[in-house]
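Report on the following structure.
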Amino acid sequence: MPHLGSTVHLRALAAAALRPRPGLAPRRDRSAERVVIVSASIGAGHDGAARELERRLTAAGVTVDRYDLLDLLPARIGRAVRDGYHRMLVRAPWVYQHVYTSTERAGGGGPLARALLRTAENRLLDALPADTGAVVSTYPGASRVLGRLRLTGRLDVPVFTYLTDFSVHPLWVAEGVDVHLAAHAVPAAQARALGARDVRVGGPVTDPRFRPAAAGRRRAARARFGLPADAPLALLVAGSWGVGPVRQVALELRDRGAVVPVVVCGRNEALAGQLRADGIEHAYGWVDDMPGLMHAADVLVQNAGGLTSLEAFAAGLPVASYRCIPGHGITNAAALDQAQVAAWIRDPAELRDILSDLIDGPRGLLQREAGRALFAAPGAGPADEIARACRTIGPPPVPPRLDPPSPPAAPAGGAPGRAPVLRRPRPAVRRLAASVTAACALWAGAVGTAVATTGSGPGVIHAIGHTLDLDDDAHPGGPQQETHHS
């Protein structure tokens, strides 16, 4: 681990920023059937959507490459971004709420966030194969990077953004993105209100293992997990990191909800141990067979409104949002409630009655029907839109304020709107300044969070040192890149 005050990371940033870049954007083949998907290993939802899009596109005969935006940031800054976000959610959720609200009011990220994302532009452009026909983002930061590449003329293939959440933060809607794909009319309307020019509703993308189960499969799933055969089961999930007031909700479900809580804690094995010590018998860490666990349950209780909610809709499981995490957890709960696909329980006194209605009452029947109706008919989903349109969308209009370079004339016989354009070289000093500024801002933000949540001087010093540790090995117990859904 570098000592406090080490310059090793500044040297790495300088090397990344000063690395020579080619002067021309790669020429794209009009007949290309390759799609590149850019996600981010922050939680599991963005990667989960990317994996399912990849599976569907591959089944349609399209070659797919996937990249993690965090890996394209210089000097391993991406891991620091992921770790800092995780620490905010766990130690200082009020800080995350403030950041989420302030960026929402501002219509997106500020200049420091833009500087950080610009450090990934050339790396992403260089990573695209020459026969790329379209690029898809499942993460807001990736949409910003790709949209800017389109606007400045350095990327000459269509860009799609798949909106993974039901609520749309302004960061999701980036100028230059050709098409925004939404799971429902509610997020589609939000995206249009934020300025998205082409929004299409195609339903969620979920693993096909998530589907309604017959009574026999339900009994078998309960037996496999050692769950009660006849008791009403509430499946409580808290994302791949196990964040939020999970212990409080688990105890409330047991004591007030008239259900047996079955809790999935993701990578947070310590939380699972605490729950078992609290007397919550069915508490799990990472679970590979989430479809089976959903088949065993009667209702899903969630706090973030991400991919797990969509999977529950596909499995025919009614969903309740309760004691949601700040930021996107609250806005997703509101959007799901507006779409009438999930109940938002705001008052603990309503917990028992609403859960009972979802399990055995008419509300549950209506929600199951609404959830299943989200899923498009074969041939009409997001992957189908991408496969059909990846060779038919031309470059978007370039706003004059960006002052892009003039493209050269199209070669004889070339595709209209697809001529290769000059990539405007960025001076090395400007790249270096942007990288160092972004890194320093990121480090300062992490230290600020540590100071706000650490009560002692030694604790602050430890936190500062921790933020400077960007070695290859992950910290013990820290968040890791997800490869399975929880």
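Chains: A, B, ... in order of the structure tokens. Residues: from 1 per chain. Ligands: from 1, in order shown.
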Requested in this report: Do a neighbour search on Leu171 (chain A) at 6 Å with only C-alpha atoms, toss out local chain neighbours closer than 2 positions, and write the hits as number ranges by chain.
Outcome: A: 108, 140, 169, 173
Using only all heavy atoms, please write the residues we just selected to a file, as a PDB file, in the first residue's frame.
ATOM      1  N   GLY A 108     -28.033  17.215 -13.495  1.00  0.00           N
ATOM      2  CA  GLY A 108     -26.937  16.290 -13.809  1.00  0.00           C
ATOM      3  C   GLY A 108     -25.714  16.609 -12.979  1.00  0.00           C
ATOM      4  O   GLY A 108     -25.774  17.372 -12.010  1.00  0.00           O
ATOM      5  N   PRO A 140     -25.530   5.506 -16.085  1.00  0.00           N
ATOM      6  CA  PRO A 140     -25.603   6.923 -16.459  1.00  0.00           C
ATOM      7  C   PRO A 140     -24.271   7.521 -16.879  1.00  0.00           C
ATOM      8  O   PRO A 140     -24.204   8.292 -17.846  1.00  0.00           O
ATOM      9  CB  PRO A 140     -26.151   7.594 -15.191  1.00  0.00           C
ATOM     10  CG  PRO A 140     -26.847   6.523 -14.442  1.00  0.00           C
ATOM     11  CD  PRO A 140     -26.117   5.255 -14.743  1.00  0.00           C
ATOM     12  N   HIS A 169     -33.092   9.744 -13.123  1.00  0.00           N
ATOM     13  CA  HIS A 169     -32.308  10.893 -12.669  1.00  0.00           C
ATOM     14  C   HIS A 169     -31.788  11.637 -13.895  1.00  0.00           C
ATOM     15  O   HIS A 169     -31.537  11.029 -14.945  1.00  0.00           O
ATOM     16  CB  HIS A 169     -31.141  10.391 -11.808  1.00  0.00           C
ATOM     17  CG  HIS A 169     -30.394  11.486 -11.111  1.00  0.00           C
ATOM     18  ND1 HIS A 169     -29.433  12.249 -11.741  1.00  0.00           N
ATOM     19  CD2 HIS A 169     -30.454  11.946  -9.833  1.00  0.00           C
ATOM     20  CE1 HIS A 169     -28.942  13.129 -10.883  1.00  0.00           C
ATOM     21  NE2 HIS A 169     -29.545  12.964  -9.728  1.00  0.00           N
ATOM     22  N   VAL A 173     -30.062  11.016 -18.759  1.00  0.00           N
ATOM     23  CA  VAL A 173     -30.418  11.584 -20.069  1.00  0.00           C
ATOM     24  C   VAL A 173     -29.260  12.442 -20.551  1.00  0.00           C
ATOM     25  O   VAL A 173     -29.052  13.553 -20.071  1.00  0.00           O
ATOM     26  CB  VAL A 173     -31.714  12.398 -19.987  1.00  0.00           C
ATOM     27  CG1 VAL A 173     -32.049  13.016 -21.339  1.00  0.00           C
ATOM     28  CG2 VAL A 173     -32.858  11.504 -19.508  1.00  0.00           C
TER      29      VAL A 173
END
DSSP-assigned strand (DSSP E) among region 269-403 of chain A, expressed as an mmCIF file with N, CA, C and O atoms, in the first residue's frame:
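Saved as part.cif:
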data_model
loop_
_atom_site.group_PDB
_atom_site.id
_atom_site.type_symbol
_atom_site.label_atom_id
_atom_site.label_comp_id
_atom_site.auth_asym_id
_atom_site.auth_seq_id
_atom_site.Cartn_x
_atom_site.Cartn_y
_atom_site.Cartn_z
ATOM 1 N N HIS A 282 -34.046 -17.546 8.768
ATOM 2 C CA HIS A 282 -33.762 -17.718 7.341
ATOM 3 C C HIS A 282 -33.082 -16.455 6.811
ATOM 4 O O HIS A 282 -33.720 -15.576 6.209
ATOM 5 N N ALA A 283 -31.784 -16.347 7.063
ATOM 6 C CA ALA A 283 -30.978 -15.209 6.607
ATOM 7 C C ALA A 283 -29.818 -15.758 5.784
ATOM 8 O O ALA A 283 -29.063 -16.603 6.253
ATOM 9 N N TYR A 284 -29.686 -15.248 4.564
ATOM 10 C CA TYR A 284 -28.690 -15.763 3.636
ATOM 11 C C TYR A 284 -27.746 -14.640 3.218
ATOM 12 O O TYR A 284 -28.113 -13.459 3.210
ATOM 13 N N VAL A 299 -44.323 -12.802 -1.225
ATOM 14 C CA VAL A 299 -44.247 -11.374 -1.501
ATOM 15 C C VAL A 299 -42.787 -10.954 -1.386
ATOM 16 O O VAL A 299 -42.018 -11.549 -0.619
ATOM 17 N N LEU A 300 -42.395 -9.967 -2.167
ATOM 18 C CA LEU A 300 -41.042 -9.410 -2.103
ATOM 19 C C LEU A 300 -41.102 -8.053 -1.430
ATOM 20 O O LEU A 300 -41.918 -7.206 -1.790
ATOM 21 N N VAL A 301 -40.215 -7.822 -0.452
ATOM 22 C CA VAL A 301 -40.072 -6.519 0.196
ATOM 23 C C VAL A 301 -38.682 -6.005 -0.168
ATOM 24 O O VAL A 301 -37.677 -6.666 0.111
ATOM 25 N N GLN A 302 -38.613 -4.826 -0.790
ATOM 26 C CA GLN A 302 -37.333 -4.310 -1.282
ATOM 27 C C GLN A 302 -37.164 -2.848 -0.885
ATOM 28 O O GLN A 302 -38.129 -2.175 -0.511
ATOM 29 N N VAL A 319 -44.810 -7.063 -5.139
ATOM 30 C CA VAL A 319 -43.665 -6.326 -4.597
ATOM 31 C C VAL A 319 -44.158 -5.184 -3.716
ATOM 32 O O VAL A 319 -45.110 -4.485 -4.050
ATOM 33 N N ALA A 320 -43.452 -4.996 -2.581
ATOM 34 C CA ALA A 320 -43.694 -3.858 -1.689
ATOM 35 C C ALA A 320 -42.382 -3.129 -1.458
ATOM 36 O O ALA A 320 -41.344 -3.756 -1.209
ATOM 37 N N SER A 321 -42.415 -1.805 -1.544
ATOM 38 C CA SER A 321 -41.263 -0.969 -1.209
ATOM 39 C C SER A 321 -41.438 -0.482 0.225
ATOM 40 O O SER A 321 -42.498 0.054 0.578
ATOM 41 N N TYR A 322 -40.382 -0.629 1.048
ATOM 42 C CA TYR A 322 -40.520 -0.266 2.467
ATOM 43 C C TYR A 322 -39.164 0.154 3.019
ATOM 44 O O TYR A 322 -38.152 -0.504 2.778
ATOM 45 N N ALA A 343 -46.453 -1.768 -4.329
ATOM 46 C CA ALA A 343 -47.022 -0.952 -3.252
ATOM 47 C C ALA A 343 -45.897 -0.251 -2.508
ATOM 48 O O ALA A 343 -44.855 -0.849 -2.235
ATOM 49 N N TRP A 344 -46.098 1.006 -2.162
ATOM 50 C CA TRP A 344 -45.119 1.760 -1.370
ATOM 51 C C TRP A 344 -45.686 1.928 0.028
ATOM 52 O O TRP A 344 -46.647 2.671 0.245
ATOM 53 N N ILE A 345 -45.105 1.241 0.986
ATOM 54 C CA ILE A 345 -45.570 1.284 2.382
ATOM 55 C C ILE A 345 -44.804 2.387 3.097
ATOM 56 O O ILE A 345 -43.611 2.253 3.395
#
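Nearest residue to His295 (chain A), choosing from A:Ala191, A:Arg105, A:Asp47, A:Glu311 and counting only C-alpha atoms: A:Glu311.
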With region 207-230 of chain A as the partner and 9 Å as the cut-off, tabulate the residues of region 254-335 of chain A that qualify, each row holding the nearest pair of atoms and their distance in Å to one decimal, using only C-alpha atoms, sorted by chain and rising number, as a Markdown table.
| residue | atom | partner | partner_atom | distance |
| --- | --- | --- | --- | --- |
| A:Val260 | CA | A:Pro228 | CA | 8.6 |
| A:Val262 | CA | A:Leu227 | CA | 8.6 |
| A:His282 | CA | A:Leu227 | CA | 7.6 |
| A:Met290 | CA | A:Phe210 | CA | 8.4 |
| A:Pro291 | CA | A:Phe210 | CA | 5.3 |
| A:Gly292 | CA | A:Ala221 | CA | 5.6 |
| A:Leu293 | CA | A:Ala221 | CA | 6.7 |
| A:Met294 | CA | A:Phe210 | CA | 8.2 |
| A:His295 | CA | A:Arg218 | CA | 5.3 |
| A:Ala296 | CA | A:Arg218 | CA | 5.0 |
| A:Ala297 | CA | A:Arg218 | CA | 8.1 |
| A:Glu311 | CA | A:Phe210 | CA | 6.0 |
| A:Ala312 | CA | A:Phe210 | CA | 7.3 |
| A:Phe313 | CA | A:Arg211 | CA | 8.5 |
| A:Ala314 | CA | A:Arg211 | CA | 5.2 |
| A:Ala315 | CA | A:Arg211 | CA | 3.9 |
| A:Gly316 | CA | A:Pro212 | CA | 5.0 |
| A:Leu317 | CA | A:Pro212 | CA | 7.8 |
Only N, CA and C atoms, please: the residues just picked out, written as a PDB file, in the first residue's frame.
ATOM      1  N   VAL A 260     -43.240 -14.798   7.756  1.00  0.00           N
ATOM      2  CA  VAL A 260     -41.913 -15.285   8.112  1.00  0.00           C
ATOM      3  C   VAL A 260     -40.921 -14.594   7.188  1.00  0.00           C
ATOM      4  N   VAL A 262     -37.662 -13.954   5.082  1.00  0.00           N
ATOM      5  CA  VAL A 262     -36.549 -14.667   4.445  1.00  0.00           C
ATOM      6  C   VAL A 262     -35.658 -13.581   3.851  1.00  0.00           C
ATOM      7  N   HIS A 282     -34.046 -17.546   8.768  1.00  0.00           N
ATOM      8  CA  HIS A 282     -33.762 -17.718   7.341  1.00  0.00           C
ATOM      9  C   HIS A 282     -33.082 -16.455   6.811  1.00  0.00           C
ATOM     10  N   MET A 290     -31.660 -17.276  -7.050  1.00  0.00           N
ATOM     11  CA  MET A 290     -32.714 -16.328  -6.706  1.00  0.00           C
ATOM     12  C   MET A 290     -34.051 -16.672  -7.357  1.00  0.00           C
ATOM     13  N   PRO A 291     -34.089 -17.217  -8.573  1.00  0.00           N
ATOM     14  CA  PRO A 291     -35.403 -17.621  -9.112  1.00  0.00           C
ATOM     15  C   PRO A 291     -36.096 -18.628  -8.202  1.00  0.00           C
ATOM     16  N   GLY A 292     -35.352 -19.617  -7.675  1.00  0.00           N
ATOM     17  CA  GLY A 292     -35.952 -20.595  -6.778  1.00  0.00           C
ATOM     18  C   GLY A 292     -36.461 -19.964  -5.494  1.00  0.00           C
ATOM     19  N   LEU A 293     -35.701 -19.004  -4.955  1.00  0.00           N
ATOM     20  CA  LEU A 293     -36.136 -18.348  -3.722  1.00  0.00           C
ATOM     21  C   LEU A 293     -37.397 -17.519  -3.960  1.00  0.00           C
ATOM     22  N   MET A 294     -37.491 -16.893  -5.122  1.00  0.00           N
ATOM     23  CA  MET A 294     -38.716 -16.152  -5.449  1.00  0.00           C
ATOM     24  C   MET A 294     -39.899 -17.102  -5.646  1.00  0.00           C
ATOM     25  N   HIS A 295     -39.649 -18.278  -6.208  1.00  0.00           N
ATOM     26  CA  HIS A 295     -40.736 -19.250  -6.352  1.00  0.00           C
ATOM     27  C   HIS A 295     -41.265 -19.695  -4.996  1.00  0.00           C
ATOM     28  N   ALA A 296     -40.374 -19.710  -3.983  1.00  0.00           N
ATOM     29  CA  ALA A 296     -40.781 -20.144  -2.651  1.00  0.00           C
ATOM     30  C   ALA A 296     -41.549 -19.067  -1.891  1.00  0.00           C
ATOM     31  N   ALA A 297     -41.362 -17.789  -2.243  1.00  0.00           N
ATOM     32  CA  ALA A 297     -41.905 -16.678  -1.458  1.00  0.00           C
ATOM     33  C   ALA A 297     -43.319 -16.314  -1.896  1.00  0.00           C
ATOM     34  N   GLU A 311     -37.259  -8.611 -11.672  1.00  0.00           N
ATOM     35  CA  GLU A 311     -37.246 -10.072 -11.660  1.00  0.00           C
ATOM     36  C   GLU A 311     -38.453 -10.632 -10.921  1.00  0.00           C
ATOM     37  N   ALA A 312     -38.860  -9.950  -9.849  1.00  0.00           N
ATOM     38  CA  ALA A 312     -40.055 -10.385  -9.125  1.00  0.00           C
ATOM     39  C   ALA A 312     -41.298 -10.257 -10.000  1.00  0.00           C
ATOM     40  N   PHE A 313     -41.398  -9.158 -10.769  1.00  0.00           N
ATOM     41  CA  PHE A 313     -42.536  -9.024 -11.683  1.00  0.00           C
ATOM     42  C   PHE A 313     -42.572 -10.196 -12.669  1.00  0.00           C
ATOM     43  N   ALA A 314     -41.404 -10.559 -13.194  1.00  0.00           N
ATOM     44  CA  ALA A 314     -41.344 -11.661 -14.152  1.00  0.00           C
ATOM     45  C   ALA A 314     -41.736 -12.984 -13.509  1.00  0.00           C
ATOM     46  N   ALA A 315     -41.411 -13.141 -12.216  1.00  0.00           N
ATOM     47  CA  ALA A 315     -41.727 -14.376 -11.508  1.00  0.00           C
ATOM     48  C   ALA A 315     -43.151 -14.405 -10.973  1.00  0.00           C
ATOM     49  N   GLY A 316     -43.933 -13.347 -11.197  1.00  0.00           N
ATOM     50  CA  GLY A 316     -45.309 -13.302 -10.706  1.00  0.00           C
ATOM     51  C   GLY A 316     -45.397 -13.069  -9.213  1.00  0.00           C
ATOM     52  N   LEU A 317     -44.405 -12.375  -8.647  1.00  0.00           N
ATOM     53  CA  LEU A 317     -44.364 -12.136  -7.205  1.00  0.00           C
ATOM     54  C   LEU A 317     -44.743 -10.690  -6.926  1.00  0.00           C
TER      55      LEU A 317
END
Requested in this report: Could you give me the residues within region 132-351 of chain A that DSSP places in alpha helix (DSSP H), as a PyMOL selection string?
Outcome: chain A and resi 140-151+185-193+215-225+246-256+269-277+290-296+307-314+328-338+351
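Excluding Ala377 (chain A) itself and same-chain residues fewer than 3 positions from it, the residues having an atom within 10 Å of it are Gly202, Gly203, Ala373, Leu374, Ala380 and Gly381 of chain A, counting only C-alpha atoms.
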Selected residues written out, all heavy atoms, as a PDB file, in the first residue's frame:
ATOM      1  N   GLY A 202     -40.004  -0.741 -24.136  1.00  0.00           N
ATOM      2  CA  GLY A 202     -39.860  -2.107 -24.602  1.00  0.00           C
ATOM      3  C   GLY A 202     -39.921  -3.149 -23.511  1.00  0.00           C
ATOM      4  O   GLY A 202     -39.728  -4.329 -23.775  1.00  0.00           O
ATOM      5  N   GLY A 203     -40.173  -2.736 -22.264  1.00  0.00           N
ATOM      6  CA  GLY A 203     -40.254  -3.695 -21.171  1.00  0.00           C
ATOM      7  C   GLY A 203     -38.903  -3.964 -20.537  1.00  0.00           C
ATOM      8  O   GLY A 203     -37.857  -3.568 -21.046  1.00  0.00           O
ATOM      9  N   ALA A 373     -47.611  -7.760 -17.310  1.00  0.00           N
ATOM     10  CA  ALA A 373     -47.921  -7.002 -18.524  1.00  0.00           C
ATOM     11  C   ALA A 373     -46.746  -6.141 -18.986  1.00  0.00           C
ATOM     12  O   ALA A 373     -46.734  -5.661 -20.125  1.00  0.00           O
ATOM     13  CB  ALA A 373     -49.143  -6.111 -18.279  1.00  0.00           C
ATOM     14  N   LEU A 374     -45.761  -5.921 -18.108  1.00  0.00           N
ATOM     15  CA  LEU A 374     -44.598  -5.130 -18.492  1.00  0.00           C
ATOM     16  C   LEU A 374     -43.800  -5.782 -19.608  1.00  0.00           C
ATOM     17  O   LEU A 374     -43.136  -5.105 -20.393  1.00  0.00           O
ATOM     18  CB  LEU A 374     -43.659  -4.937 -17.290  1.00  0.00           C
ATOM     19  CG  LEU A 374     -44.101  -4.007 -16.168  1.00  0.00           C
ATOM     20  CD1 LEU A 374     -43.111  -4.074 -15.033  1.00  0.00           C
ATOM     21  CD2 LEU A 374     -44.209  -2.583 -16.684  1.00  0.00           C
ATOM     22  N   ALA A 380     -40.312  -7.607 -29.601  1.00  0.00           N
ATOM     23  CA  ALA A 380     -40.613  -6.198 -29.340  1.00  0.00           C
ATOM     24  C   ALA A 380     -39.864  -5.646 -28.139  1.00  0.00           C
ATOM     25  O   ALA A 380     -40.185  -4.563 -27.675  1.00  0.00           O
ATOM     26  CB  ALA A 380     -42.118  -6.020 -29.128  1.00  0.00           C
ATOM     27  N   GLY A 381     -38.869  -6.356 -27.619  1.00  0.00           N
ATOM     28  CA  GLY A 381     -38.150  -5.900 -26.441  1.00  0.00           C
ATOM     29  C   GLY A 381     -36.965  -5.015 -26.774  1.00  0.00           C
ATOM     30  O   GLY A 381     -36.663  -4.746 -27.941  1.00  0.00           O
TER      31      GLY A 381
END
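Counting from CA of Gly266 (chain A), the distance to CA of Ala238 (chain A) is 7.4 Å.
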Please provide the set of residues having any atom within 8 Å of region 330-337 of chain A, restricted to only C-alpha atoms, with same-chain residues fewer than 5 positions apart removed, written as a compact mmCIF listing (two decimals) with C-alpha atoms, in the first residue's frame.
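Produced file part-v5.txt, reproduced below:
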# COMPACT_ATOMS: atom_id res chain seq x y z
CA ASP A 165 -34.51 2.01 -13.02
CA PHE A 166 -38.15 3.07 -12.92
CA SER A 167 -37.21 6.61 -11.90
CA VAL A 186 -43.60 6.13 -16.33
CA PRO A 187 -39.80 6.19 -16.76
CA ASN A 303 -35.64 -0.98 -0.55
CA ALA A 304 -33.98 0.13 -3.83
CA GLY A 305 -36.34 -0.64 -6.72
CA GLY A 306 -33.71 -2.02 -9.05
CA SER A 321 -41.26 -0.97 -1.21
CA CYS A 324 -36.11 2.58 1.13
CA ILE A 325 -32.52 3.73 0.91
CA ALA A 342 -45.53 -2.17 -6.52
CA ALA A 343 -47.02 -0.95 -3.25
CA TRP A 344 -45.12 1.76 -1.37
